[in-house]
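S.K.: Dropping in upload19.txt, with compact mmCIF, C-alpha atoms and all ligand atoms.
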# COMPACT_ATOMS: atom_id res chain seq x y z
CA MET T 5 0.00 0.00 0.00
CA ASN T 6 1.27 3.46 -0.84
CA LYS T 7 -0.14 5.05 2.34
CA LYS T 8 1.80 5.65 5.54
CA SER T 9 1.08 3.36 8.45
CA VAL T 10 1.36 3.69 12.24
CA LYS T 11 4.89 2.36 11.87
CA ASP T 12 5.89 5.43 9.85
CA VAL T 13 5.18 7.95 12.63
CA ASP T 14 6.55 8.52 16.11
CA VAL T 15 3.67 8.24 18.56
CA LYS T 16 5.53 8.14 21.88
CA GLY T 17 3.89 10.51 24.36
CA LYS T 18 1.60 11.77 21.58
CA ARG T 19 -2.17 12.02 21.64
CA VAL T 20 -3.31 9.66 18.90
CA PHE T 21 -6.87 9.88 17.54
CA CYS T 22 -7.58 6.38 16.27
CA ARG T 23 -10.78 5.89 14.24
CA VAL T 24 -11.98 2.32 14.59
CA ASP T 25 -15.13 0.54 13.42
CA PHE T 26 -16.83 -0.64 16.61
CA ASN T 27 -20.18 -0.77 14.85
CA VAL T 28 -20.97 -4.14 16.39
CA PRO T 29 -24.37 -5.86 16.53
CA MET T 30 -26.05 -5.48 19.94
CA GLN T 31 -29.13 -6.96 21.52
CA ASP T 32 -30.55 -5.66 24.82
CA GLY T 33 -27.30 -3.80 25.52
CA LYS T 34 -25.15 -6.90 24.92
CA ILE T 35 -22.63 -7.24 22.11
CA THR T 36 -23.60 -10.27 19.99
CA ASP T 37 -20.51 -10.37 17.75
CA GLU T 38 -17.22 -8.82 18.88
CA THR T 39 -15.21 -9.62 15.74
CA ARG T 40 -14.69 -5.96 14.91
CA ILE T 41 -13.43 -5.15 18.41
CA ARG T 42 -10.93 -8.01 18.31
CA ALA T 43 -9.82 -7.01 14.81
CA ALA T 44 -8.81 -3.55 16.07
CA LEU T 45 -6.71 -4.87 18.98
CA PRO T 46 -3.33 -5.13 17.16
CA THR T 47 -3.30 -1.40 16.38
CA ILE T 48 -4.55 -0.38 19.82
CA GLN T 49 -2.02 -2.63 21.57
CA TYR T 50 0.81 -1.36 19.37
CA LEU T 51 -0.07 2.26 20.17
CA MET T 52 -0.21 1.45 23.89
CA GLU T 53 3.17 -0.29 23.77
CA GLN T 54 4.67 2.66 21.93
CA GLY T 55 3.58 4.97 24.75
CA ALA T 56 0.85 6.83 22.91
CA LYS T 57 -2.23 8.27 24.58
CA VAL T 58 -4.83 6.35 22.62
CA ILE T 59 -8.07 8.19 21.87
CA LEU T 60 -10.53 5.85 20.14
CA ALA T 61 -13.51 7.03 18.12
CA SER T 62 -16.22 5.03 16.37
CA HIS T 63 -19.80 5.15 15.20
CA LEU T 64 -22.43 2.65 16.32
CA GLY T 65 -25.61 2.22 14.32
CA ARG T 66 -27.33 5.09 12.57
CA PRO T 67 -28.50 7.55 15.26
CA LYS T 68 -28.87 10.29 12.62
CA GLY T 69 -27.07 13.12 14.43
CA LYS T 70 -28.89 12.73 17.76
CA VAL T 71 -28.10 11.08 21.09
CA VAL T 72 -29.76 7.67 21.18
CA GLU T 73 -29.21 6.06 24.58
CA GLU T 74 -29.11 2.48 23.22
CA MET T 75 -26.36 3.51 20.80
CA ARG T 76 -23.87 4.67 23.39
CA LEU T 77 -20.50 2.95 23.17
CA THR T 78 -20.37 2.12 26.91
CA PRO T 79 -20.74 -1.69 26.48
CA VAL T 80 -17.88 -1.60 23.96
CA ALA T 81 -15.60 0.18 26.47
CA VAL T 82 -16.40 -2.50 29.04
CA ARG T 83 -15.58 -5.36 26.65
CA LEU T 84 -12.50 -3.61 25.31
CA SER T 85 -11.18 -3.18 28.88
CA GLU T 86 -11.52 -6.95 29.36
CA LEU T 87 -9.80 -7.75 26.08
CA LEU T 88 -6.92 -5.34 26.73
CA GLY T 89 -6.59 -6.23 30.41
CA LYS T 90 -6.58 -2.52 31.23
CA GLU T 91 -9.32 -0.07 32.05
CA VAL T 92 -10.55 1.85 29.02
CA LYS T 93 -12.09 5.16 30.09
CA LYS T 94 -15.27 6.11 28.29
CA ALA T 95 -16.18 9.72 27.51
CA ASP T 96 -19.86 10.67 27.46
CA GLU T 97 -19.23 13.05 24.60
CA GLY T 98 -17.29 12.92 21.34
CA TYR T 99 -15.33 16.17 21.61
CA GLY T 100 -15.22 19.49 23.48
CA ASP T 101 -14.00 20.67 26.88
CA SER T 102 -15.09 17.64 28.90
CA VAL T 103 -13.24 15.35 26.49
CA LYS T 104 -10.17 17.61 26.52
CA ALA T 105 -10.09 17.39 30.33
CA LEU T 106 -10.15 13.59 30.16
CA ILE T 107 -7.32 13.61 27.62
CA ASP T 108 -5.26 15.97 29.80
CA SER T 109 -5.41 13.43 32.59
CA MET T 110 -4.13 10.56 30.39
CA THR T 111 -0.65 9.12 30.72
CA GLU T 112 1.33 7.13 28.13
CA GLY T 113 -0.37 3.84 27.22
CA ASP T 114 -3.81 4.94 28.47
CA VAL T 115 -6.87 4.33 26.32
CA LEU T 116 -9.97 6.53 26.10
CA LEU T 117 -13.08 5.71 24.05
CA LEU T 118 -15.07 8.71 22.86
CA GLU T 119 -18.86 8.68 22.55
CA ASN T 120 -20.58 7.57 19.33
CA VAL T 121 -19.40 10.11 16.77
CA ARG T 122 -22.68 9.86 14.85
CA PHE T 123 -24.50 11.56 17.75
CA TYR T 124 -23.30 14.75 16.02
CA PRO T 125 -25.00 15.85 12.78
CA GLY T 126 -21.65 17.12 11.45
CA GLU T 127 -20.15 13.63 11.30
CA GLU T 128 -22.03 12.27 8.30
CA LYS T 129 -22.00 15.69 6.61
CA ASN T 130 -18.22 15.73 6.91
CA ASP T 131 -18.62 19.14 8.50
CA ALA T 132 -15.37 21.13 8.48
CA GLU T 133 -15.94 22.54 11.99
CA LEU T 134 -16.49 19.12 13.51
CA ALA T 135 -13.43 17.73 11.73
CA LYS T 136 -11.39 20.58 13.22
CA SER T 137 -12.81 20.02 16.70
CA LEU T 138 -11.91 16.33 16.52
CA ALA T 139 -8.42 17.14 15.23
CA GLU T 140 -7.87 19.54 18.17
CA LEU T 141 -7.98 16.55 20.50
CA ALA T 142 -4.85 14.93 19.08
CA ASP T 143 -1.39 15.15 17.49
CA VAL T 144 -1.68 12.19 15.11
CA TYR T 145 -4.59 10.55 13.26
CA VAL T 146 -4.75 6.81 12.67
CA ASN T 147 -7.53 5.30 10.56
CA ASP T 148 -8.09 1.63 11.33
CA ALA T 149 -11.81 1.67 10.47
CA PHE T 150 -11.81 -0.26 7.21
CA GLY T 151 -15.54 -0.95 7.64
CA ALA T 152 -16.24 2.79 7.44
CA ALA T 153 -13.57 3.71 4.88
CA HIS T 154 -16.19 4.12 2.13
CA ARG T 155 -17.78 6.95 4.12
CA ALA T 156 -16.44 10.49 3.70
CA HIS T 157 -17.32 11.59 7.23
CA ALA T 158 -15.68 14.04 9.64
CA SER T 159 -13.95 11.28 11.65
CA THR T 160 -12.99 9.17 8.62
CA GLU T 161 -12.03 11.82 6.08
CA GLY T 162 -12.26 15.46 7.22
CA ILE T 163 -9.99 15.06 10.24
CA ALA T 164 -7.21 13.59 8.09
CA HIS T 165 -6.64 17.01 6.52
CA HIS T 166 -5.63 18.55 9.86
CA LEU T 167 -3.18 16.02 11.31
CA PRO T 168 -0.45 13.64 10.19
CA ALA T 169 -2.74 10.85 8.94
CA VAL T 170 -1.77 7.17 8.72
CA SER T 171 -3.40 3.76 8.46
CA GLY T 172 -3.69 1.13 11.21
CA PHE T 173 -2.83 -2.55 10.88
CA LEU T 174 -6.38 -3.73 10.19
CA MET T 175 -6.84 -1.15 7.47
CA GLN T 176 -3.55 -2.23 5.90
CA LYS T 177 -4.39 -5.93 6.06
CA GLU T 178 -7.81 -5.48 4.47
CA LEU T 179 -6.44 -3.33 1.66
CA ASP T 180 -3.53 -5.70 1.06
CA VAL T 181 -5.67 -8.84 0.85
CA LEU T 182 -8.43 -7.35 -1.27
CA GLY T 183 -5.99 -5.35 -3.37
CA LYS T 184 -3.79 -8.34 -4.19
CA ALA T 185 -6.81 -10.47 -4.97
CA LEU T 186 -8.11 -8.01 -7.52
CA SER T 187 -4.84 -6.82 -9.05
CA ASN T 188 -3.00 -10.09 -9.38
CA PRO T 189 -5.47 -12.94 -8.93
CA GLU T 190 -4.53 -16.60 -8.86
CA ARG T 191 -6.59 -18.46 -11.45
CA PRO T 192 -9.12 -19.86 -11.83
CA PHE T 193 -10.63 -16.85 -10.07
CA THR T 194 -14.27 -17.22 -9.02
CA ALA T 195 -16.65 -14.60 -7.65
CA ILE T 196 -19.86 -15.59 -5.89
CA ILE T 197 -22.44 -12.85 -5.76
CA GLY T 198 -25.67 -13.24 -3.80
CA GLY T 199 -27.84 -11.13 -1.54
CA ALA T 200 -31.17 -9.49 -2.00
CA LYS T 201 -30.99 -7.00 -4.84
CA VAL T 202 -29.41 -6.60 -8.27
CA LYS T 203 -29.49 -2.83 -7.65
CA ASP T 204 -26.91 -3.16 -4.84
CA LYS T 205 -24.57 -5.38 -6.84
CA ILE T 206 -24.47 -3.68 -10.25
CA GLY T 207 -21.08 -2.06 -9.70
CA VAL T 208 -19.48 -5.17 -8.30
CA ILE T 209 -20.77 -7.45 -11.05
CA GLU T 210 -19.63 -4.96 -13.69
CA ASN T 211 -16.12 -4.72 -12.24
CA LEU T 212 -15.71 -8.44 -11.53
CA LEU T 213 -16.81 -9.39 -15.05
CA GLU T 214 -13.54 -7.79 -16.17
CA LEU T 215 -11.47 -9.86 -13.75
CA VAL T 216 -12.89 -13.31 -13.03
CA ASP T 217 -12.96 -16.66 -14.81
CA ASN T 218 -16.21 -17.75 -13.15
CA LEU T 219 -19.14 -15.71 -11.89
CA ILE T 220 -21.64 -17.50 -9.68
CA ILE T 221 -25.01 -15.88 -9.02
CA GLY T 222 -27.33 -16.73 -6.13
CA GLY T 223 -29.68 -15.19 -3.57
CA GLY T 224 -32.75 -13.10 -4.26
CA LEU T 225 -31.04 -11.20 -7.06
CA ALA T 226 -30.65 -14.39 -9.11
CA TYR T 227 -34.35 -14.43 -10.02
CA THR T 228 -34.18 -11.23 -12.05
CA PHE T 229 -31.53 -13.08 -14.08
CA VAL T 230 -33.77 -16.17 -14.31
CA LYS T 231 -36.58 -13.94 -15.57
CA ALA T 232 -34.17 -12.38 -18.06
CA GLN T 233 -33.52 -15.89 -19.37
CA GLY T 234 -37.22 -16.09 -20.15
CA HIS T 235 -38.48 -18.23 -17.26
CA GLU T 236 -41.38 -17.49 -14.95
CA ILE T 237 -40.34 -16.93 -11.34
CA GLY T 238 -43.65 -16.88 -9.45
CA LYS T 239 -43.48 -14.56 -6.44
CA SER T 240 -39.68 -14.61 -6.22
CA LEU T 241 -37.84 -11.30 -5.89
CA LEU T 242 -37.89 -9.39 -9.17
CA GLU T 243 -36.55 -6.01 -10.18
CA GLU T 244 -38.41 -5.36 -13.43
CA ASP T 245 -36.24 -2.39 -14.30
CA LYS T 246 -33.08 -4.50 -14.06
CA ILE T 247 -34.08 -7.29 -16.45
CA ASP T 248 -32.32 -5.68 -19.41
CA LEU T 249 -29.23 -5.05 -17.31
CA ALA T 250 -29.22 -8.71 -16.22
CA LYS T 251 -29.39 -9.70 -19.90
CA SER T 252 -26.50 -7.41 -20.74
CA PHE T 253 -24.40 -8.92 -17.95
CA MET T 254 -25.00 -12.40 -19.33
CA GLU T 255 -24.07 -11.24 -22.83
CA LYS T 256 -20.96 -9.49 -21.58
CA ALA T 257 -19.88 -12.63 -19.71
CA LYS T 258 -20.25 -14.65 -22.89
CA ALA T 259 -18.28 -12.13 -24.93
CA LYS T 260 -15.49 -12.10 -22.37
CA GLY T 261 -15.34 -15.86 -21.95
CA VAL T 262 -16.43 -15.65 -18.30
CA ASN T 263 -18.37 -18.73 -17.17
CA PHE T 264 -21.65 -17.43 -15.81
CA TYR T 265 -23.33 -19.80 -13.35
CA MET T 266 -27.00 -19.43 -12.44
CA PRO T 267 -29.31 -21.60 -10.33
CA VAL T 268 -30.66 -24.67 -12.15
CA ASP T 269 -33.04 -25.50 -9.32
CA ALA T 270 -34.50 -23.75 -6.29
CA ILE T 271 -36.24 -24.31 -2.99
CA VAL T 272 -39.61 -22.66 -3.30
CA ALA T 273 -42.00 -21.78 -0.50
CA ASP T 274 -45.70 -20.87 -0.35
CA ASP T 275 -44.92 -18.22 2.27
CA PHE T 276 -41.92 -16.15 3.43
CA SER T 277 -41.78 -17.84 6.83
CA ALA T 278 -40.27 -20.67 8.85
CA ASN T 279 -43.63 -22.49 8.71
CA ALA T 280 -43.98 -22.35 4.94
CA ASN T 281 -44.50 -25.45 2.82
CA THR T 282 -41.47 -26.00 0.63
CA LYS T 283 -40.38 -28.09 -2.33
CA VAL T 284 -37.46 -28.39 -4.73
CA VAL T 285 -38.21 -27.46 -8.33
CA ALA T 286 -36.25 -27.04 -11.55
CA ILE T 287 -35.58 -23.38 -12.25
CA GLU T 288 -37.97 -23.27 -15.20
CA GLU T 289 -40.77 -24.73 -13.07
CA ILE T 290 -41.25 -22.22 -10.25
CA PRO T 291 -45.01 -22.30 -9.55
CA ALA T 292 -46.93 -19.03 -9.95
CA ASP T 293 -47.94 -18.69 -6.29
CA TRP T 294 -44.57 -19.73 -4.79
CA GLU T 295 -41.31 -17.90 -4.24
CA ALA T 296 -37.77 -19.18 -4.52
CA LEU T 297 -35.97 -18.63 -1.21
CA ASP T 298 -32.83 -20.72 -1.69
CA ILE T 299 -30.82 -22.39 -4.42
CA GLY T 300 -31.61 -26.08 -4.87
CA PRO T 301 -29.36 -29.12 -4.25
CA LYS T 302 -28.31 -29.56 -7.91
CA THR T 303 -27.23 -25.93 -8.07
CA ALA T 304 -25.31 -26.28 -4.81
CA GLU T 305 -23.52 -29.31 -6.27
CA ILE T 306 -22.51 -27.42 -9.44
CA TYR T 307 -21.34 -24.40 -7.42
CA ARG T 308 -19.35 -26.68 -5.12
CA ASP T 309 -17.58 -28.17 -8.09
CA VAL T 310 -16.59 -24.76 -9.49
CA ILE T 311 -15.36 -23.63 -6.07
CA GLN T 312 -13.29 -26.78 -5.58
CA LYS T 313 -11.47 -26.15 -8.85
CA SER T 314 -10.70 -22.48 -8.07
CA LYS T 315 -7.50 -20.95 -6.74
CA LEU T 316 -9.15 -17.74 -5.56
CA VAL T 317 -12.77 -17.22 -4.52
CA ILE T 318 -14.42 -13.97 -3.47
CA TRP T 319 -17.86 -14.26 -1.91
CA ASN T 320 -20.39 -11.51 -1.23
CA GLY T 321 -24.02 -12.12 -0.32
CA PRO T 322 -25.96 -15.21 0.80
CA MET T 323 -27.47 -17.77 -1.59
CA GLY T 324 -30.85 -17.74 0.13
CA VAL T 325 -32.74 -16.56 3.18
CA PHE T 326 -30.13 -18.08 5.47
CA GLU T 327 -31.62 -16.51 8.59
CA ILE T 328 -34.38 -19.19 8.35
CA ASP T 329 -33.00 -22.72 8.68
CA LYS T 330 -35.23 -24.13 5.92
CA PHE T 331 -33.61 -21.77 3.42
CA ALA T 332 -30.04 -21.83 4.76
CA GLY T 333 -28.92 -24.99 2.95
CA GLY T 334 -27.58 -23.31 -0.20
CA THR T 335 -25.58 -20.72 1.71
CA LYS T 336 -24.25 -23.43 4.01
CA ALA T 337 -23.28 -25.62 1.05
CA VAL T 338 -21.30 -22.78 -0.52
CA ALA T 339 -19.61 -21.99 2.82
CA GLN T 340 -18.76 -25.67 3.25
CA ALA T 341 -17.39 -25.90 -0.29
CA LEU T 342 -15.12 -22.94 0.46
CA ALA T 343 -14.03 -24.51 3.74
CA ASP T 344 -13.21 -27.77 1.94
CA ALA T 345 -11.41 -26.15 -1.00
CA GLU T 346 -7.91 -26.44 0.37
CA GLY T 347 -6.23 -25.13 -2.75
CA ALA T 348 -8.33 -21.98 -2.87
CA TYR T 349 -7.71 -18.64 -1.16
CA SER T 350 -11.15 -17.63 0.14
CA VAL T 351 -12.14 -14.03 0.73
CA ILE T 352 -15.46 -13.32 2.41
CA GLY T 353 -16.68 -9.82 1.66
CA GLY T 354 -18.14 -8.93 5.04
CA GLY T 355 -21.77 -8.24 5.90
CA ASP T 356 -24.24 -11.10 5.61
CA SER T 357 -21.83 -13.61 4.06
CA ALA T 358 -19.47 -13.13 7.01
CA ALA T 359 -22.41 -13.54 9.41
CA ALA T 360 -23.42 -16.74 7.59
CA VAL T 361 -19.92 -18.21 7.75
CA GLU T 362 -19.86 -17.44 11.50
CA LYS T 363 -23.30 -18.96 11.99
CA PHE T 364 -22.18 -22.23 10.38
CA GLY T 365 -19.00 -22.36 12.51
CA LEU T 366 -16.77 -22.24 9.41
CA ALA T 367 -15.07 -18.88 9.98
CA GLU T 368 -11.75 -20.47 10.94
CA LYS T 369 -11.59 -22.25 7.60
CA MET T 370 -11.70 -19.09 5.49
CA SER T 371 -8.51 -17.35 4.36
CA HIS T 372 -9.82 -13.84 5.00
CA ILE T 373 -13.11 -12.51 6.33
CA SER T 374 -13.40 -8.81 5.77
CA THR T 375 -14.64 -6.62 8.62
CA GLY T 376 -16.23 -4.33 6.03
CA GLY T 377 -19.60 -4.97 4.36
CA GLY T 378 -20.24 -1.85 2.26
CA ALA T 379 -16.53 -0.97 2.27
CA SER T 380 -15.42 -4.30 0.80
CA LEU T 381 -18.23 -4.12 -1.75
CA GLU T 382 -17.13 -0.66 -2.90
CA PHE T 383 -13.54 -1.86 -3.01
CA MET T 384 -14.62 -4.75 -5.21
CA GLU T 385 -16.44 -2.28 -7.42
CA GLY T 386 -13.06 -0.68 -8.04
CA LYS T 387 -14.02 2.54 -6.25
CA ALA T 388 -11.56 4.63 -4.26
CA LEU T 389 -12.36 4.68 -0.53
CA PRO T 390 -12.39 8.29 0.82
CA GLY T 391 -11.07 7.22 4.24
CA VAL T 392 -8.02 5.76 2.54
CA VAL T 393 -7.49 8.46 -0.07
CA ALA T 394 -7.26 11.10 2.70
CA LEU T 395 -4.29 9.40 4.41
CA ASN T 396 -0.71 10.58 3.86
CA ASP T 397 1.17 9.02 0.95
CA LYS T 398 4.46 7.21 1.66
N1 LIG U 1 -34.10 -15.84 -2.57
C1 LIG U 1 -34.19 -14.83 -1.72
N2 LIG U 1 -35.35 -14.17 -1.57
C2 LIG U 1 -35.46 -13.15 -0.69
N3 LIG U 1 -34.45 -12.70 0.08
C3 LIG U 1 -33.28 -13.32 -0.04
C4 LIG U 1 -33.08 -14.40 -0.94
N4 LIG U 1 -31.81 -14.80 -0.84
C5 LIG U 1 -31.22 -14.01 0.07
N5 LIG U 1 -32.09 -13.12 0.58
C6 LIG U 1 -31.85 -12.13 1.63
O1 LIG U 1 -30.87 -11.22 1.24
C7 LIG U 1 -30.36 -10.61 2.40
C8 LIG U 1 -28.90 -10.29 2.19
O2 LIG U 1 -28.75 -9.46 1.11
P1 LIG U 1 -28.04 -8.06 1.23
O3 LIG U 1 -27.85 -7.63 -0.17
O4 LIG U 1 -28.76 -7.19 2.18
O5 LIG U 1 -26.72 -8.44 2.01
P2 LIG U 1 -25.26 -8.66 1.52
O6 LIG U 1 -25.29 -8.92 0.09
O7 LIG U 1 -24.60 -9.69 2.36
O8 LIG U 1 -24.68 -7.25 1.78
P3 LIG U 1 -24.08 -6.61 3.07
O9 LIG U 1 -22.64 -6.90 2.98
O10 LIG U 1 -24.43 -5.17 2.92
O11 LIG U 1 -24.73 -7.24 4.28
C9 LIG U 1 -30.51 -11.61 3.52
O12 LIG U 1 -31.25 -11.02 4.56
C10 LIG U 1 -31.28 -12.76 2.87
O13 LIG U 1 -32.31 -13.27 3.68
O1 LIG U 2 -21.33 -1.82 9.31
C1 LIG U 2 -20.77 -1.23 8.40
O2 LIG U 2 -20.77 -1.65 7.21
C2 LIG U 2 -19.93 -0.02 8.73
O3 LIG U 2 -19.76 0.12 10.10
C3 LIG U 2 -20.54 1.22 8.12
O4 LIG U 2 -21.79 1.47 8.65
P1 LIG U 2 -22.84 2.36 7.84
O5 LIG U 2 -23.32 1.53 6.68
O6 LIG U 2 -23.93 2.69 8.84
O7 LIG U 2 -22.11 3.58 7.36
Can the structure in the file be given as structure tokens, please?
Ligand SMILES: Nc1ncnc2c1ncn2[C@@H]1O[C@H](COP(=O)(O)OP(=O)(O)OP(=O)(O)O)[C@@H](O)[C@H]1O
Ligand SMILES: O=C(O)[C@H](O)COP(=O)(O)O
M.R.:
Amino acid sequence: MNKKSVKDVDVKGKRVFCRVDFNVPMQDGKITDETRIRAALPTIQYLMEQGAKVILASHLGRPKGKVVEEMRLTPVAVRLSELLGKEVKKADEGYGDSVKALIDSMTEGDVLLLENVRFYPGEEKNDAELAKSLAELADVYVNDAFGAAHRAHASTEGIAHHLPAVSGFLMQKELDVLGKALSNPERPFTAIIGGAKVKDKIGVIENLLELVDNLIIGGGLAYTFVKAQGHEIGKSLLEEDKIDLAKSFMEKAKAKGVNFYMPVDAIVADDFSANANTKVVAIEEIPADWEALDIGPKTAEIYRDVIQKSKLVIWNGPMGVFEIDKFAGGTKAVAQALADAEGAYSVIGGGDSAAAVEKFGLAEKMSHISTGGGASLEFMEGKALPGVVALNDK
């Protein structure tokens, strides 16, 4: 990477503002997945060891510029203290005099977690005043929030213009893995794209069609492609206005010699629920009153075969409604195929696919699970990430 890292700056005795992505799922005030907290530890521990005063900032959820009590970062500070084996102080605000007073009382190696930065309307607007106020708290800026790097916000972008600005270890690792995969892929290179909507995956399909040998389509978005092939899809998800685009993707794949894999069968249900009646049907036989909620077993077998023969696989988006056990089989089969493909480097593009891999207990078997959902998707679209662009060049 051509951006400076924490190793390129002297942080001893300095106040270091470190933007992390502690946007973790919570239920009833309890953290339900702490992956993102653990992923930030190497940078935090390094800064502590180097004698920095570590000031952590993050968003949590989408409070829309207002204080939302359930979105305070207090539970994160508690868990982080346990993981670091040292008390992490928690500020009740994100900047200002009260925060400055807390920072003044810090000694080398101390860690302070600021309040949810999205409690301030200026954050998402990348307000210049807020960026300046945040910068006033510190001497150095470290961005380790890969998951938020696609957002040009005050704490991810604006602040970087006021301080020496470098990347953290997590940020570096994510960019290195994803960057190498896309710029110099081992072949055969396979991309698996699933999830709910074609609309959300246009950019990534377009970009990957230029790079991959195999493109596998699944999830709700597959049925717009099935419709584009001329089949009826009953009540399955359909984006009418994307049918022509789906056709053009299939034509482009053909022209480029990319193998384009679509479901050949599906699990259909008479209701979108755990109690629905279900059956397996061939893709051209989806009944009018039923909806396809997962890929079928024949499809899973074909996809498994392609995955097994690949050297590099990138996966974004589930193959079906994996949150409901009845429709989780296709996503599980793909996860298992990746886990079993010993010769393949497997990259899971965050978000729901990462959650699925965790749910099936296969996370350890993957080569890299990104901590960024939207960020990894935008990276795979070939877009520049504002939080990275703003950092100092080497
Ligand atoms: N056949 C289907 N019909 C309806 N919904 C589906 C189908 N297959 C998958 N889904 C749903 O799609 C959702 C995931 O798609 P979405 O595009 O939101 O996530 P993603 O691709 O993993 O992106 P992100 O990284 O942002 O989480 C899941 O909630 C899943 O239940
Ligand atoms: O969860 C994520 O993908 C990141 O934390 C970014 O969150 P956002 O989509 O609310 O900006």
S.K.: Using all atoms listed in the file, which protein or nucleic acid residues are at most 7 Å from ligand LIG 2 (chain U), as a ChimeraX atom specification?
M.R.: /T:25,27,65-66,151-152,155,355,376-379
S.K.: Around ligand LIG 1 (chain U), out to 7 Å and counting only C-alpha atoms and all ligand atoms, which residues are there? I want them as a VMD selection string.
M.R.: chain T and resid 198 to 201 204 223 to 224 240 to 241 296 to 298 320 to 327 353 to 357 377 to 378
S.K.: So how many Å separate atom CA of Val58 of chain T and atom CA of Leu381 of chain T, to one decimal?
M.R.: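 Between these atoms lies a distance of 29.7 Å.
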S.K.: For a test of reading the model, state the distance in Å between atom CA of Tyr349 of chain T and atom CA of Lys336 of chain T, rounded to one decimal.
M.R.: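 Going from atom CA of Tyr349 of chain T over to atom CA of Lys336 of chain T, I get 18.0 Å.
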S.K.: Can you work out which one of T:Val181, T:Leu134, T:Ile328, T:Leu87 has the shortest atom-to-atom distance to Phe276 of chain T, counting only C-alpha atoms?
M.R.: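 For Phe276 of chain T, the nearest of the candidates is T:Ile328.
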S.K.: Report, in Å with one decimal, the straight-line distance from atom CA of Ala280 of chain T to atom CA of Asp329 of chain T.
M.R.: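 That distance, rounded to one decimal, is 11.6 Å.
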